[in-house]
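Notes follow the structure.
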Amino acid sequence: MRFRSRKIDPKTGRIRVEQLRKTQIGSEIYPKIEKLIEAGVDTGIVVSILLEVAESVAPEIKAKLDRSAPRMLRMHRRSDRKFQRRVRKLWGPQLDALYEAYVGAEELGWNLQALHKDERDATAEALTGLHSRACLVVREIHSLLSNGFSMAAESRARTLHETAVIATVIGFQCNERSTTDVAVRYLRHEMIDLARDYRTAVDAGMNVDSSEMELIERELGRYVAEYGRIFGRDYGWAAPLFPNVNPEKGHINFAMLEALALTGLSRLDYRLQSHHVHASALTMAMHRYKKNGQVLRVTGPSIGNFADPAIACLTALQVTTSAFAINVSPGYPDPMDILSLVTLRELTDSAINAFSQRKQELDRRQD
């Protein structure tokens, strides 16, 4: 707050250099740099001197920042509360509908686990785990949207998309005799990632439990010997579902699983969601906007497109829960399970319609 009276340069958003030169730090840095530049000193040397000076004064600046931090934090908390009230004003009922669907899915999951606790096989174990993870991600998306992080919600919707596809594959595509062990392979595929993590840790120079790593490598070797080299690759657990793929040299990718699952989820949505995961140039462009002729970049919460991640989230939750409820039992699904599933579908459809209608209203208002 000590710079409140100083004018901000509109082009940089920082205090003007003329004013900084008058401070104690500025009086030390700027004359030195100007003399070096006039002398034609190499840029690398100038940077080194700058770093040396900065390191000498940084503790003093940090101490001043610490003293002003409580006030700054109070201001930010106040601003966050104001922003959250604005979010509630624009999207409150829709966010409540999303949360209602989350609670319905979570309670259905707990009930199914309790009802079928004595029927635990690999398929039930895999579907239970996938559904519980889907519920967790839905709650994360609700929290992100409630706090104005719609782009982060898009990235979590991508995770739900993957969860729904894999749950559908395991639930509906593994009924033939030749594919009944796919769920077993899926659970055992955990060893692939564990082995990769341990190898990466060793490469990074970290100390690891050699006996545990040896056990994992031995277990992995046993699975590869049983299922073929393809098991050691990404999505290798799904090899029985693709009999035309060579078990020694072939590869399986997520797009192949998507085509097999036929979930009805949008491949385009998945691509757009992926932009918020990766550090591509397009991602950078999506975090940039213009206001009053000035280029600004999103670094915090914003009122953006809440509908798309919410709708994708609800649709994927519906797909995942269907695969879970219908296939958790090795026999015919329980009628009560189907009733719960249809009820949840009513909740998700209602929430989807609420977000879609609200988006249309806001678009018309903006136009």
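Naming works like this for the structure tokens: A, B, ... for the chains as they're shown, residue 1 at the start of each chain, ligands 1 onward in shown order.
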Can you tell me, as a PyMOL selection string, what residues are no more than 9 Å from Met286 (chain A) when counting only C-alpha atoms, ignoring any on the same chain fewer than 2 positions away?
chain A and resi 275-276+281-284+288-289+297-298
Resulting file, chosen residues, C-alpha atoms, as a compact mmCIF listing (two decimals), in the first residue's frame:
# COMPACT_ATOMS: atom_id res chain seq x y z
CA HIS A 275 -6.62 -27.60 -24.18
CA HIS A 276 -6.96 -26.71 -20.50
CA ALA A 281 0.01 -22.13 -27.78
CA LEU A 282 -3.76 -22.39 -28.18
CA THR A 283 -4.10 -22.78 -24.42
CA MET A 284 -2.18 -19.53 -23.95
CA ARG A 288 -5.92 -14.00 -23.07
CA TYR A 289 -8.48 -11.30 -23.83
CA ARG A 297 -4.41 -12.56 -19.26
CA VAL A 298 -6.55 -14.61 -16.89
Determine, counting only C-alpha atoms, which protein, DNA and RNA residues have an atom within 9 Å of an atom of Val138 (chain A); residues of the same chain fewer than 6 positions away are not included. Present the result as number ranges by chain.
A: 98-99, 102, 156-157, 160, 310, 313-314, 317
Keeping only N, CA and C atoms, write those residues as a CSV table (one decimal), in the first residue's frame.
chain,number,residue,atom,x,y,z
A,98,LEU,N,-26.5,-29.2,-10.0
A,98,LEU,CA,-25.3,-30.0,-10.1
A,98,LEU,C,-24.9,-30.7,-8.8
A,99,TYR,N,-25.0,-30.0,-7.7
A,99,TYR,CA,-24.6,-30.6,-6.4
A,99,TYR,C,-25.7,-31.7,-6.1
A,102,TYR,N,-24.8,-34.7,-7.8
A,102,TYR,CA,-23.6,-35.3,-7.2
A,102,TYR,C,-24.0,-36.2,-6.0
A,156,ARG,N,-11.0,-31.0,-15.6
A,156,ARG,CA,-11.5,-32.1,-14.8
A,156,ARG,C,-12.6,-32.8,-15.5
A,157,ALA,N,-13.4,-32.1,-16.3
A,157,ALA,CA,-14.4,-32.8,-17.1
A,157,ALA,C,-13.8,-33.8,-18.1
A,160,LEU,N,-13.4,-36.9,-16.3
A,160,LEU,CA,-14.7,-37.6,-16.2
A,160,LEU,C,-15.0,-38.3,-17.5
A,310,ALA,N,-20.0,-28.0,-17.0
A,310,ALA,CA,-21.1,-28.6,-16.1
A,310,ALA,C,-21.9,-29.7,-16.9
A,313,CYS,N,-19.7,-32.7,-17.6
A,313,CYS,CA,-19.6,-33.4,-16.3
A,313,CYS,C,-20.8,-34.2,-16.0
A,314,LEU,N,-22.0,-33.7,-16.1
A,314,LEU,CA,-23.2,-34.4,-15.8
A,314,LEU,C,-23.4,-35.5,-16.7
A,317,LEU,N,-21.0,-38.3,-15.8
A,317,LEU,CA,-21.5,-39.0,-14.6
A,317,LEU,C,-22.6,-39.9,-14.8
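You can rank A:Tyr227, A:Phe306, A:Phe254, A:Trp91 by their closest distance to Ile141 (chain A) using only C-alpha atoms, and at the top of that list sits A:Phe306.
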Can you list every residue of region 277-310 of chain A that has an atom at most 9 Å from region 358-364 of chain A, with its nearest atom pair and the distance in Å to one decimal, using only C-alpha atoms, ordered by chain then number, as a Markdown table?
| residue | atom | partner | partner_atom | distance |
| --- | --- | --- | --- | --- |
| A:Asn305 | CA | A:Lys359 | CA | 7.9 |
| A:Phe306 | CA | A:Lys359 | CA | 8.0 |
| A:Ala307 | CA | A:Lys359 | CA | 6.2 |
| A:Asp308 | CA | A:Lys359 | CA | 8.9 |
Write down as an MDAnalysis selection string the residues belonging to region 108-295 of chain A that are assigned helix (DSSP H, G or I) by DSSP computed on the backbone.
chainID A and resid 108:115 122:146 150:172 177:179 182:188 190:203 210:227 229:232 236:241 254:261 267:274 281:286
Which residue out of A:Ser302, A:Thr123, A:Asn111, A:Ser150 has the minimum interatomic distance to Pro330 (chain A) when only C-alpha atoms are used?
A:Thr123
Selected residue of minimal separation from Arg345 (chain A) among A:Glu226, A:Ala325, A:Met256, A:Met72, counting only C-alpha atoms:
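Smallest separation from Arg345 (chain A) among the options: A:Ala325.
Using only C-alpha atoms, the contacts of region 221-225 of chain A at a cut-off of 10 Å, with sequence neighbours closer than 5 positions omitted, comprise A:Arg185, A:Arg188, A:His189, A:Met191, A:Ile192, A:Leu215, A:Ile216, A:Ile230, A:Phe231, A:Gly232, A:Arg233, A:Gly236, A:Glu248.
Using only C-alpha atoms for every distance, the candidate list A:Ala183, A:Ile33, A:Ala195, A:Leu108 yields A:Ile33 as the residue closest to Leu51 (chain A).
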Would you mind listing what lies within 12 Å of Asp337 (chain A) as a PyMOL selection string, with only C-alpha atoms counted and same-chain residues fewer than 6 positions away left out?
chain A and resi 105+107-116+321-329+343-344
Generate the output file for the selected residues, C-alpha atoms, as a PDB file, in the first residue's frame.
ATOM      1  CA  ALA A 105     -24.794 -40.373  -7.532  1.00  0.00           C
ATOM      2  CA  GLU A 107     -25.612 -42.124  -2.333  1.00  0.00           C
ATOM      3  CA  LEU A 108     -26.452 -44.542  -5.147  1.00  0.00           C
ATOM      4  CA  GLY A 109     -22.837 -45.681  -5.160  1.00  0.00           C
ATOM      5  CA  TRP A 110     -22.800 -46.302  -1.416  1.00  0.00           C
ATOM      6  CA  ASN A 111     -26.061 -48.245  -1.631  1.00  0.00           C
ATOM      7  CA  LEU A 112     -24.815 -50.405  -4.498  1.00  0.00           C
ATOM      8  CA  GLN A 113     -21.607 -51.201  -2.631  1.00  0.00           C
ATOM      9  CA  ALA A 114     -23.587 -52.226   0.444  1.00  0.00           C
ATOM     10  CA  LEU A 115     -26.081 -54.316  -1.527  1.00  0.00           C
ATOM     11  CA  HIS A 116     -23.451 -56.172  -3.537  1.00  0.00           C
ATOM     12  CA  THR A 321     -23.223 -44.549 -13.196  1.00  0.00           C
ATOM     13  CA  SER A 322     -25.156 -46.513 -15.829  1.00  0.00           C
ATOM     14  CA  ALA A 323     -22.195 -48.797 -16.441  1.00  0.00           C
ATOM     15  CA  PHE A 324     -21.792 -49.243 -12.693  1.00  0.00           C
ATOM     16  CA  ALA A 325     -25.427 -49.868 -11.725  1.00  0.00           C
ATOM     17  CA  ILE A 326     -26.211 -52.258 -14.576  1.00  0.00           C
ATOM     18  CA  ASN A 327     -23.030 -54.334 -14.391  1.00  0.00           C
ATOM     19  CA  VAL A 328     -22.001 -54.335 -10.716  1.00  0.00           C
ATOM     20  CA  SER A 329     -23.870 -57.608 -10.203  1.00  0.00           C
ATOM     21  CA  THR A 343     -33.961 -41.349 -10.749  1.00  0.00           C
ATOM     22  CA  LEU A 344     -30.376 -40.120 -11.028  1.00  0.00           C
TER      23      LEU A 344
END
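With only C-alpha atoms as the atoms that count, the minimum distance from Leu90 (chain A) to the choices A:Leu145, A:Ala164, A:Val277, A:Ala259 is reached by A:Leu145.
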What is the CA of Gly129 (chain A)-CA of Met336 (chain A) distance in Å, reported with one decimal?
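One can read the CA of Gly129 (chain A) to CA of Met336 (chain A) distance as 20.8 Å.
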Provide the CA of Thr263 (chain A) to CA of Glu162 (chain A) distance in Å, to one decimal place.
10.7 Å
Hey, what's within 10 Å of Arg267 (chain A) if we count only C-alpha atoms and toss same-chain stuff fewer than 6 positions away? As a list in words, please?
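My list of contacting residues is His161, Ala255, Glu258, Ala259 and Gln273 of chain A.
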Write out, as a PDB file, in the first residue's frame, the residues just selected, with C-alpha atoms.
ATOM      1  CA  HIS A 161     -14.870 -38.298 -19.946  1.00  0.00           C
ATOM      2  CA  ALA A 255      -9.541 -43.139 -29.241  1.00  0.00           C
ATOM      3  CA  GLU A 258     -13.892 -44.368 -27.260  1.00  0.00           C
ATOM      4  CA  ALA A 259     -14.970 -45.907 -30.560  1.00  0.00           C
ATOM      5  CA  GLN A 273     -11.209 -29.933 -22.574  1.00  0.00           C
TER       6      GLN A 273
END
